[in-house]
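This report refers to the structure that appears directly beneath it.
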Amino acid sequence: MKRIAGFAVSMLGAAVWAQASPPEVFPVPISGGDVIPPTIAAYAPGDPAIGFDGRDAEPYVIANIKGVTAMGYTMGVATDGAGNAYQVVTDLRVFQGDYIGATSTFPAGGSTSARAHGTFVLI
């Protein structure tokens, strides 16, 4: 379940930034969490009895953010053209707030901390 969410996060991030120019202040990912290939760190808040990280797990995937979050999980069955059924679980989150991120300041790849305000979506 967590792997599906991580893949969706990476695909959404690519899709959103493909439609708009990248932010001037890049959000910094959280440390820890469940590492999902391709190296996405996220916690899955919810009941540990069904595979989640606990009801008080961190919902944000961005470090140093102060704001609001809305989230929800959906579950169902999808069928492909050949009639094969697949269980589908989605993790939907929206974050909005002030954060301290990184801005590129050196040609060799260095960065400096900077404050910014943003809205982020995780699917």
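In the structure tokens, each chain is lettered A, B, ... as it comes, each chain's residues begin at 1, and ligands are numbered from 1 in order of appearance.
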
Contacts of segment 84-98 of chain A at 8 Å or less, counting only C-alpha atoms, minus same-chain residues fewer than 3 places along, as a PDB file with N, CA and C atoms, in the first residue's frame?
```
ATOM      1  N   MET A   1       0.836  -1.185   0.000  1.00  0.00           N
ATOM      2  CA  MET A   1       0.000   0.000   0.000  1.00  0.00           C
ATOM      3  C   MET A   1       0.881   1.249   0.000  1.00  0.00           C
ATOM      4  N   ILE A   4       2.581   1.951  -3.408  1.00  0.00           N
ATOM      5  CA  ILE A   4       1.695   2.555  -4.405  1.00  0.00           C
ATOM      6  C   ILE A   4       1.613   4.057  -4.179  1.00  0.00           C
ATOM      7  N   ALA A   5       1.480   4.466  -2.915  1.00  0.00           N
ATOM      8  CA  ALA A   5       1.391   5.894  -2.599  1.00  0.00           C
ATOM      9  C   ALA A   5       2.668   6.614  -3.002  1.00  0.00           C
ATOM     10  N   TYR A  60       2.664  15.102   6.989  1.00  0.00           N
ATOM     11  CA  TYR A  60       3.419  15.881   6.012  1.00  0.00           C
ATOM     12  C   TYR A  60       4.559  15.066   5.413  1.00  0.00           C
ATOM     13  N   ILE A  65       7.366  22.712   7.966  1.00  0.00           N
ATOM     14  CA  ILE A  65       6.162  23.356   7.429  1.00  0.00           C
ATOM     15  C   ILE A  65       5.176  23.586   8.568  1.00  0.00           C
ATOM     16  N   LYS A  66       4.531  24.728   8.535  1.00  0.00           N
ATOM     17  CA  LYS A  66       3.488  25.056   9.510  1.00  0.00           C
ATOM     18  C   LYS A  66       2.267  25.470   8.707  1.00  0.00           C
ATOM     19  N   GLY A  67       1.217  24.663   8.814  1.00  0.00           N
ATOM     20  CA  GLY A  67       0.035  24.967   8.028  1.00  0.00           C
ATOM     21  C   GLY A  67      -1.068  23.975   8.307  1.00  0.00           C
ATOM     22  N   VAL A  68      -1.849  23.703   7.307  1.00  0.00           N
ATOM     23  CA  VAL A  68      -2.980  22.788   7.435  1.00  0.00           C
ATOM     24  C   VAL A  68      -2.818  21.642   6.448  1.00  0.00           C
ATOM     25  N   THR A  69      -3.421  20.524   6.789  1.00  0.00           N
ATOM     26  CA  THR A  69      -3.403  19.378   5.895  1.00  0.00           C
ATOM     27  C   THR A  69      -4.784  18.735   5.851  1.00  0.00           C
ATOM     28  N   ALA A  70      -5.127  18.194   4.707  1.00  0.00           N
ATOM     29  CA  ALA A  70      -6.347  17.402   4.550  1.00  0.00           C
ATOM     30  C   ALA A  70      -5.913  16.098   3.910  1.00  0.00           C
ATOM     31  N   MET A  71      -6.432  14.990   4.397  1.00  0.00           N
ATOM     32  CA  MET A  71      -6.021  13.715   3.820  1.00  0.00           C
ATOM     33  C   MET A  71      -7.128  12.683   3.889  1.00  0.00           C
ATOM     34  N   GLY A  72      -7.012  11.679   3.035  1.00  0.00           N
ATOM     35  CA  GLY A  72      -7.974  10.592   3.044  1.00  0.00           C
ATOM     36  C   GLY A  72      -7.445   9.417   2.251  1.00  0.00           C
ATOM     37  N   TYR A  73      -7.957   8.242   2.552  1.00  0.00           N
ATOM     38  CA  TYR A  73      -7.591   7.026   1.830  1.00  0.00           C
ATOM     39  C   TYR A  73      -8.832   6.513   1.110  1.00  0.00           C
ATOM     40  N   THR A  74      -8.649   6.006  -0.083  1.00  0.00           N
ATOM     41  CA  THR A  74      -9.739   5.344  -0.787  1.00  0.00           C
ATOM     42  C   THR A  74      -9.284   3.939  -1.148  1.00  0.00           C
ATOM     43  N   MET A  75     -10.232   3.024  -1.282  1.00  0.00           N
ATOM     44  CA  MET A  75      -9.899   1.650  -1.607  1.00  0.00           C
ATOM     45  C   MET A  75     -10.988   1.084  -2.511  1.00  0.00           C
ATOM     46  N   GLY A  76     -10.577   0.257  -3.436  1.00  0.00           N
ATOM     47  CA  GLY A  76     -11.548  -0.361  -4.321  1.00  0.00           C
ATOM     48  C   GLY A  76     -10.884  -1.389  -5.211  1.00  0.00           C
ATOM     49  N   VAL A  77     -11.617  -1.865  -6.177  1.00  0.00           N
ATOM     50  CA  VAL A  77     -11.115  -2.866  -7.109  1.00  0.00           C
ATOM     51  C   VAL A  77     -11.186  -2.291  -8.514  1.00  0.00           C
ATOM     52  N   ALA A  78     -10.103  -2.474  -9.271  1.00  0.00           N
ATOM     53  CA  ALA A  78     -10.060  -2.046 -10.672  1.00  0.00           C
ATOM     54  C   ALA A  78      -9.907  -3.287 -11.540  1.00  0.00           C
ATOM     55  N   THR A  79     -10.497  -3.262 -12.719  1.00  0.00           N
ATOM     56  CA  THR A  79     -10.418  -4.391 -13.639  1.00  0.00           C
ATOM     57  C   THR A  79      -9.815  -3.919 -14.950  1.00  0.00           C
ATOM     58  N   ASP A  80      -8.827  -4.648 -15.444  1.00  0.00           N
ATOM     59  CA  ASP A  80      -8.219  -4.260 -16.718  1.00  0.00           C
ATOM     60  C   ASP A  80      -9.016  -4.839 -17.885  1.00  0.00           C
ATOM     61  N   GLY A  81      -8.580  -4.548 -19.103  1.00  0.00           N
ATOM     62  CA  GLY A  81      -9.301  -4.969 -20.300  1.00  0.00           C
ATOM     63  C   GLY A  81      -9.399  -6.478 -20.454  1.00  0.00           C
ATOM     64  N   ARG A 115      12.467  31.107   3.411  1.00  0.00           N
ATOM     65  CA  ARG A 115      11.060  30.942   3.774  1.00  0.00           C
ATOM     66  C   ARG A 115      10.177  31.094   2.531  1.00  0.00           C
ATOM     67  N   ALA A 116       9.069  30.351   2.537  1.00  0.00           N
ATOM     68  CA  ALA A 116       8.141  30.421   1.411  1.00  0.00           C
ATOM     69  C   ALA A 116       6.754  29.966   1.878  1.00  0.00           C
ATOM     70  N   HIS A 117       5.768  30.154   1.048  1.00  0.00           N
ATOM     71  CA  HIS A 117       4.400  29.708   1.289  1.00  0.00           C
ATOM     72  C   HIS A 117       4.003  28.890   0.068  1.00  0.00           C
ATOM     73  N   GLY A 118       3.350  27.753   0.301  1.00  0.00           N
ATOM     74  CA  GLY A 118       2.970  26.930  -0.848  1.00  0.00           C
ATOM     75  C   GLY A 118       1.838  25.982  -0.555  1.00  0.00           C
ATOM     76  N   THR A 119       1.317  25.392  -1.632  1.00  0.00           N
ATOM     77  CA  THR A 119       0.296  24.364  -1.568  1.00  0.00           C
ATOM     78  C   THR A 119       0.849  23.147  -2.286  1.00  0.00           C
ATOM     79  N   PHE A 120       0.737  21.984  -1.664  1.00  0.00           N
ATOM     80  CA  PHE A 120       1.295  20.749  -2.216  1.00  0.00           C
ATOM     81  C   PHE A 120       0.241  19.666  -2.202  1.00  0.00           C
ATOM     82  N   VAL A 121       0.295  18.783  -3.177  1.00  0.00           N
ATOM     83  CA  VAL A 121      -0.662  17.677  -3.277  1.00  0.00           C
ATOM     84  C   VAL A 121       0.107  16.366  -3.373  1.00  0.00           C
ATOM     85  N   LEU A 122      -0.320  15.376  -2.622  1.00  0.00           N
ATOM     86  CA  LEU A 122       0.243  14.023  -2.680  1.00  0.00           C
ATOM     87  C   LEU A 122      -0.900  13.103  -3.053  1.00  0.00           C
ATOM     88  N   ILE A 123      -0.703  12.349  -4.111  1.00  0.00           N
ATOM     89  CA  ILE A 123      -1.719  11.359  -4.524  1.00  0.00           C
ATOM     90  C   ILE A 123      -1.046  10.010  -4.628  1.00  0.00           C
TER      91      ILE A 123
END
```

Give me the residues within 6 Å of Ala42 of chain A as a PDB file with C-alpha atoms, in the first residue's frame, counting only C-alpha atoms and dropping any in the same chain fewer than 6 places off.
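Written out: result.pdb:
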```pdb
ATOM      1  CA  GLY A  33       9.306   7.510   7.556  1.00  0.00           C
ATOM      2  CA  ASP A  34       8.757   4.572   5.256  1.00  0.00           C
ATOM      3  CA  VAL A  61       6.136  14.786   3.584  1.00  0.00           C
TER       4      VAL A  61
END
```

(request) Might you pull out every residue within 7 Å of segment 54-59 of chain A, with only C-alpha atoms counted and same-chain residues fewer than 2 positions away left off, and present them as a PyMOL selection string? (result) chain A and resi 43-48+52+61

(request) Could you check which of A:Ala41, A:Ile50, A:Ala63, A:Val25 is closest to Ser113 of chain A, using only C-alpha atoms? (result)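 With only C-alpha atoms as the atom set, the closest residue is A:Val25.
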
(message) Could you tell me how far atom CA of Asp53 of chain A sits from atom CA of Ala102 of chain A, in Å to one decimal place?
(response)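 Separating atom CA of Ala102 of chain A from atom CA of Asp53 of chain A is a distance of 28.0 Å.
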
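Pairwise distance (atom CA of Thr105 of chain A, atom CA of Glu24 of chain A) equals 10.8 Å.
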
(message) One decimal, in Å: what's the spacing between atom CA of Pro29 of chain A and atom CA of Phe106 of chain A?
(response) 20.3 Å

(request) Tell me which of A:Ile30, A:Ala49, A:Asn64, A:Ala82 sits closest to Ile100 of chain A, counting only C-alpha atoms. (result) A:Asn64
